[in-house]
Amino acid sequence: MFALISARKGRTLGGVGALLVSSAMLVAGPVSAQGSDTGVDPETWTPEYVRSIAGQTEPNTAEECSQVVPLDYSGSVDYWYVGPNEASPELEHKMYDDFWAAWEETYPNIEVNAQNLGYNDMLNKLRTAALGNAAPGVARLPILWGSEFAAKGQLSELSPEDVGYKTENFWPGAMKSVTQNNKVWGIPTNNETMAFIWNAGIFEEAGLDPEKAPDTWAEVVEYSKQINEKTGKAGYGLVARVNAGNTPFRFMPMAWGEGGGALDEASDSPSYQEVWVNNDGTRRAVQNYYDMYVRDKSVPVSALTNTQTENQDPFLANQLAMVIAHPSEYATMLDRANKATGDDKAAAMQVVDNMRYGMIPRGEDRRAVVFGGSNVHIFNPDNVDGDLDMEAAKALVCFMTGPEWSTKLAWVSSNPGNTRGFETVWMKERLDTIKFLDVSTSMLPSGIPFPPVAESPEIMNIIIPEMLQNALTEKMTVEEAAADAEKKVNALLNGM
Amino acid sequence: MNSSTGRKPTPRGLFGRIADHRLDYLYILPAIGVMLLVIAYPIYYTFYLSFFRTPPSLAMSDKVFNGIGNYITILTSESFHEVTINTVVWTVWSTFFATALGLGAALVLNRQFAGRGVLRGLLLIPYVISAVAASYIWRWIYHSDFGVLGAILNRLGIIDGKLNLLDNVNLVLPSLIVVNVWKEFPFAMIMILAGLQTVPDQLLKAARVDGAGAFHRFLHVTLPHLKGVMVITVLLLFVANLNHFTIPWIMTGGGPAGASDIWITQIYQIAFGRIRFGLASAYSVILFAVMVVIGYFYVRALTGNDDVRRRG
């Protein structure tokens with residue numbers, strides 16, 4: 001089985017393949033090239049390219065959606081979503097207010113009973129509501145959540161074509177996250193990836209080029225060691241806490257980059273039936289973690305109980321050199337530095353000045369990053385409270401997934417799920433005002449979503465972190481830890 | 001009432017007695033209704049669910065009857081044995097040290113000295129702090145890279161380098177037990193202090209007159225009087241520790257590598273991390289069975305005291 005898996009992994013777009021895709025993009029234009037199964041060419045989708053396509057269009061959402069549901073349609077729909085809260089920037093609140101104002105102007109006769117639920121509350125509420133046939137008609141969910149409801153038959157089929165858009169206008173990675181059993185159960189609203197962030201000041205102190213990020217994971221291990229040896233500071237901000245989403249979001253890019261995975265989610269046509277957690281690539285990634293934590297001791301000792309939140313303090317205190325974080329990390333650090341006082345403030349502002357963003361390093365196999373974001377779903381009429389007004393639901397979904405609002409609602413911390421959004425004037429405005437946005441945006445083609453299967457949360461949040469902890473505490477060897485994880489994933493897939 | 005007439009009471013059947021007290025039953029009916037709803041039904045449903053396989057890919061209505069499969073899965077799993085050992089270590093040592101420390105503090109506070117009231121207030125602080133807040137505070141005290149404790153020990157020259165407590169499989173559970181004992185000992189202290197104040201002063205004086213030293217007075221007069229309250233305190237602490245979730249979950253999430261995973265964190269993980277409500281229910285039933293045994297001894301300890309009082 002392992003030989004089979006290894007043989008399947010010659011799938012990077014090297015040589016002729018890459019040339020063909022690049023040529024196709026040049027011929028067909030910037031966005032239409034994204035429709036192929038493999039997505040756009042990661043090498044072409046650079047920060048410069050992202051800037052070059054922005055600002056060309058200003059689509060008319062009302063006109064587009066009127067082709068799907070007449071603007072004078074009368075009806076109502078319930079809608080649940082995770083929206084801005086007290087901690088969100090004012091701009092995000094404004095965008096949502098603008099959205100609802102535009103909606104009412106466009107569809108004045110469709111009443112939307114919208115509930116903005118907190119991230120931590122929504123999943124369990126939705127599970128309970130769906131179980132009691134009291135689910136809302138429409139819900140926008142974080143990328144991984146929908147698969148559970150789809151598996152349980154609680155969603156309606158819903159593809160971009162159902163609301164007047166084309167599947168090729170959405171990231172292939174995002175479409176994978178809403179596809180189950182060859183059926184499409186939702187539409188991506190927004191997508192984002194993380195970026196590699198480093199402190200140029202510590203790099204200089206350690207004798208490294210302050211403006212150059214490590215290009216490979218092997219270099220990350222080397223840099224981390226050198227930083228620790230030369231400065232006594234922690235090199236890489238490793239996190240390996242169990243039951244914390246932070247852990248797989250940082251480990252899986254390394255595993256995928258090295259040619260591994262949990263299931264076969266990193267392959268071009270994943271079946272989500274093959275288990276890759278004990279292949280060469282995944283073991284190589286675990287070995288990287290082991291080398292940094294156990295052999296070199298170049299990362300925080302607290303990595304086993306840390307999440308990324310705990311890495312922010314040492315990073316801002318100039319004690320940690322490299323982390324993987326969201327595009328909004330710069331704004332977060334700047335905000336925290338501004339709240340500091342006296343000498344601390346000056347030191348923190350210096351760190352913020354020294355922050356650099358780069359692409360997530362590549363492994364032996366590829367460059368990869370977790371494809372995050374949200375999808376909108378329409379629930380199965382049988383599970384909805386009252387009668388589902390499908391036309392009203394489609395109008396709402398069309399309105400929010402078009403190039404305009406998928407860009408505006410993702411303004412602060414994400415990117416439009418509809419890739420036509422990248423060509424708009426609003427995207428240009430974002431690029432002009434949000435620092436480092438072009439870097440994290442250019443990682444999107446390398447994005448891989450977690451497997452859209454109901455077992456995903458357990459695999460990603462428990463089995464993968466447990467594998468890391470078993471190896472990092474030397475309770476097991478790297479090989480034993482990977483084999484143990486494989487056994488657990490197999491048992492899980494077999495319904496044990 | 002019958003005795004006032006001088007006649008022997010007429011034996012009455014169950015229904016007769018219920019009829020006699022119908023108004024009393026009516027008064028407690030709402031309370032019984034609420035209890036049935038919020039206690040009895042969940043217990044029944046947990047038992048029921050423990051016989052079903054509920055993989056995350058299935059809706060709850062499609063759950064598959066599995067007999068005692070869940071129980072077999074739990075009892076034969078390697079992790080169950082590991083988690084059980086952790087649970088026993090956590091519960092026994094937390095209870096022992098909290099009781100011992102509480103006893104010591106109560107004996108001190110039972111004496112007259114200046115500042116006793118202030119000290120009593122200070123010692124109660126850990127008990128009144130929210131467990132969540134305390135867990136976060138201790139997490140930073142223990143933090144393996146930037147912890148206050150490590151910094152102090154380094155400054156004093158006791159250690160050189162990082163103090164790794166929470167990320168060390170051998171030290172994590174003892175470290176959490178320290179936090180738990182710190183949080184719980186004031187409860188034991190208050191209970192035992194209340195018990196100490198019921199020890200008859202004349203007995204202590206008589207023992208002193210008979211030439212008994214402080215240790216012998218404690219051993220032969222004070223301790224026997226404390227027996228009842230000590231048993232109840234130990235049982236209550238034991239139950240509380242067996243069910244204690246907050247400190248291990250917030251501080252380590254059961255890690256690293258399961259080294260601080262106890263039954264209750266494991267149940268939570270299975271139910272809400274792995275979405276296996278059937279398996280988690282079976283685990284809960286096992287925990288419930290243990291609690292019932294402890295509850296039996298607790299009730300016996302309580303009613304035993306009543307019997308003694310009645311006989312006295």
# chains A, B, ... in the order shown; residues from 1 in each chain; ligands from 1
$ interface_residues --of "chain A" --to "chain B" --cutoff "8 Å" --atoms "only C-alpha atoms" --output "ChimeraX atom specification"
/A:131,148,151-152,241-243,300-305,453-455,457-458,461-462,466,469-470,473,475,495-496
$ residues_around --residues "segment 355-367 of chain A" --least-positions-apart "5" --cutoff "6 Å" --atoms "only C-alpha atoms" --output "PyMOL selection string"
chain A and resi 195-199+215-217+257-259
$ residues_around --residues "segment 283-299 of chain B" --least-positions-apart "2" --cutoff "8 Å" --atoms "only C-alpha atoms" --output "VMD selection string"
chain B and resid 46 to 47 50 71 74 232 235 to 236 239 263 267 279 to 281 301 to 303
$ select_by_dssp --residues "segment 386-468 of chain A" --states "strand (DSSP E or B)" --output "MDAnalysis selection string"
chainID A and resid 415:416 418 424 447:448
$ select_by_dssp --residues "segment 46-100 of chain B" --states "helix (DSSP H, G or I)" --output "PyMOL selection string"
chain B and resi 46-49+60-62+69-76+78-100
$ write_last_selection --atoms "N, CA, C and O atoms" --output "short mmCIF file (atom, residue, chain, number, x, y, z; two decimals), in the first residue's frame"
data_model
loop_
_atom_site.label_atom_id
_atom_site.label_comp_id
_atom_site.auth_asym_id
_atom_site.auth_seq_id
_atom_site.Cartn_x
_atom_site.Cartn_y
_atom_site.Cartn_z
N THR B 46 -28.37 8.66 29.18
CA THR B 46 -26.95 8.31 29.09
C THR B 46 -26.78 6.79 29.07
O THR B 46 -26.01 6.25 28.28
N PHE B 47 -27.54 6.10 29.97
CA PHE B 47 -27.50 4.63 29.97
C PHE B 47 -27.92 4.10 28.60
O PHE B 47 -27.26 3.26 28.01
N TYR B 48 -29.02 4.64 28.12
CA TYR B 48 -29.59 4.19 26.84
C TYR B 48 -28.58 4.38 25.71
O TYR B 48 -28.30 3.47 24.93
N LEU B 49 -28.00 5.57 25.67
CA LEU B 49 -27.08 5.91 24.58
C LEU B 49 -25.79 5.09 24.64
O LEU B 49 -25.13 4.88 23.62
N MET B 60 -27.76 11.41 14.82
CA MET B 60 -28.07 10.72 16.07
C MET B 60 -29.25 9.76 15.88
O MET B 60 -29.29 8.69 16.48
N SER B 61 -30.19 10.15 15.02
CA SER B 61 -31.35 9.29 14.81
C SER B 61 -30.98 7.99 14.08
O SER B 61 -31.74 7.04 14.10
N ASP B 62 -29.79 7.98 13.47
CA ASP B 62 -29.36 6.76 12.75
C ASP B 62 -28.38 5.92 13.58
O ASP B 62 -27.67 5.07 13.03
N GLY B 69 -20.81 -3.23 23.32
CA GLY B 69 -19.59 -2.97 22.53
C GLY B 69 -18.80 -1.77 23.01
O GLY B 69 -17.56 -1.82 23.06
N ASN B 70 -19.51 -0.71 23.38
CA ASN B 70 -18.79 0.48 23.83
C ASN B 70 -18.02 0.20 25.12
O ASN B 70 -16.89 0.68 25.30
N TYR B 71 -18.65 -0.57 26.01
CA TYR B 71 -17.98 -0.89 27.28
C TYR B 71 -16.74 -1.74 27.02
O TYR B 71 -15.69 -1.53 27.64
N ILE B 72 -16.86 -2.68 26.09
CA ILE B 72 -15.71 -3.54 25.78
C ILE B 72 -14.59 -2.69 25.17
O ILE B 72 -13.42 -2.82 25.54
N THR B 73 -14.99 -1.78 24.25
CA THR B 73 -13.99 -0.92 23.63
C THR B 73 -13.22 -0.13 24.68
O THR B 73 -11.99 -0.03 24.64
N ILE B 74 -13.96 0.42 25.63
CA ILE B 74 -13.30 1.25 26.66
C ILE B 74 -12.41 0.40 27.55
O ILE B 74 -11.23 0.70 27.75
N LEU B 75 -12.99 -0.67 28.08
CA LEU B 75 -12.26 -1.45 29.08
C LEU B 75 -11.05 -2.17 28.51
O LEU B 75 -10.12 -2.50 29.25
N THR B 76 -11.05 -2.43 27.21
CA THR B 76 -9.90 -3.14 26.63
C THR B 76 -8.89 -2.18 25.98
O THR B 76 -7.86 -2.62 25.49
N GLU B 78 -5.95 0.51 25.55
CA GLU B 78 -4.71 0.81 26.28
C GLU B 78 -4.84 2.13 27.02
O GLU B 78 -4.40 2.28 28.16
N SER B 79 -5.49 3.09 26.34
CA SER B 79 -5.57 4.43 26.95
C SER B 79 -6.41 4.42 28.21
O SER B 79 -6.19 5.21 29.13
N PHE B 80 -7.40 3.50 28.29
CA PHE B 80 -8.25 3.46 29.48
C PHE B 80 -7.42 3.15 30.72
O PHE B 80 -7.59 3.76 31.78
N HIS B 81 -6.51 2.20 30.56
CA HIS B 81 -5.68 1.84 31.72
C HIS B 81 -4.79 3.01 32.13
O HIS B 81 -4.64 3.32 33.32
N GLU B 82 -4.23 3.66 31.13
CA GLU B 82 -3.36 4.81 31.40
C GLU B 82 -4.16 5.94 32.09
O GLU B 82 -3.72 6.50 33.09
N VAL B 83 -5.33 6.20 31.54
CA VAL B 83 -6.16 7.29 32.07
C VAL B 83 -6.66 6.93 33.47
O VAL B 83 -6.75 7.79 34.35
N THR B 84 -6.97 5.65 33.69
CA THR B 84 -7.44 5.22 35.01
C THR B 84 -6.34 5.42 36.06
O THR B 84 -6.60 5.90 37.18
N ILE B 85 -5.13 5.05 35.70
CA ILE B 85 -4.02 5.25 36.65
C ILE B 85 -3.87 6.74 36.97
O ILE B 85 -3.75 7.14 38.13
N ASN B 86 -3.93 7.57 35.91
CA ASN B 86 -3.85 9.02 36.14
C ASN B 86 -4.97 9.50 37.05
O ASN B 86 -4.76 10.33 37.93
N THR B 87 -6.17 8.95 36.83
CA THR B 87 -7.33 9.37 37.62
C THR B 87 -7.15 9.00 39.09
O THR B 87 -7.44 9.81 39.99
N VAL B 88 -6.65 7.78 39.32
CA VAL B 88 -6.44 7.34 40.70
C VAL B 88 -5.37 8.22 41.36
O VAL B 88 -5.54 8.70 42.50
N VAL B 89 -4.28 8.44 40.66
CA VAL B 89 -3.19 9.25 41.22
C VAL B 89 -3.72 10.66 41.53
O VAL B 89 -3.50 11.20 42.62
N TRP B 90 -4.39 11.25 40.55
CA TRP B 90 -4.94 12.60 40.70
C TRP B 90 -5.89 12.68 41.90
O TRP B 90 -5.79 13.55 42.75
N THR B 91 -6.81 11.73 41.97
CA THR B 91 -7.87 11.79 42.98
C THR B 91 -7.33 11.51 44.38
O THR B 91 -7.60 12.26 45.32
N VAL B 92 -6.55 10.43 44.49
CA VAL B 92 -6.08 10.02 45.82
C VAL B 92 -5.13 11.07 46.40
O VAL B 92 -5.29 11.52 47.54
N TRP B 93 -4.15 11.49 45.61
CA TRP B 93 -3.16 12.42 46.16
C TRP B 93 -3.75 13.80 46.39
O TRP B 93 -3.41 14.47 47.38
N SER B 94 -4.63 14.23 45.50
CA SER B 94 -5.27 15.54 45.70
C SER B 94 -6.07 15.52 47.00
O SER B 94 -6.00 16.45 47.81
N THR B 95 -6.83 14.44 47.20
CA THR B 95 -7.66 14.33 48.40
C THR B 95 -6.79 14.26 49.65
O THR B 95 -7.04 14.95 50.64
N PHE B 96 -5.75 13.43 49.58
CA PHE B 96 -4.89 13.24 50.75
C PHE B 96 -4.22 14.55 51.16
O PHE B 96 -4.29 14.98 52.32
N PHE B 97 -3.59 15.23 50.19
CA PHE B 97 -2.85 16.44 50.55
C PHE B 97 -3.78 17.59 50.93
O PHE B 97 -3.47 18.37 51.83
N ALA B 98 -4.92 17.68 50.25
CA ALA B 98 -5.87 18.76 50.60
C ALA B 98 -6.39 18.55 52.02
O ALA B 98 -6.51 19.51 52.80
N THR B 99 -6.66 17.29 52.39
CA THR B 99 -7.16 17.00 53.74
C THR B 99 -6.07 17.26 54.78
O THR B 99 -6.32 17.89 55.82
N ALA B 100 -4.86 16.78 54.49
CA ALA B 100 -3.76 16.94 55.44
C ALA B 100 -3.46 18.42 55.65
O ALA B 100 -3.31 18.89 56.79
#
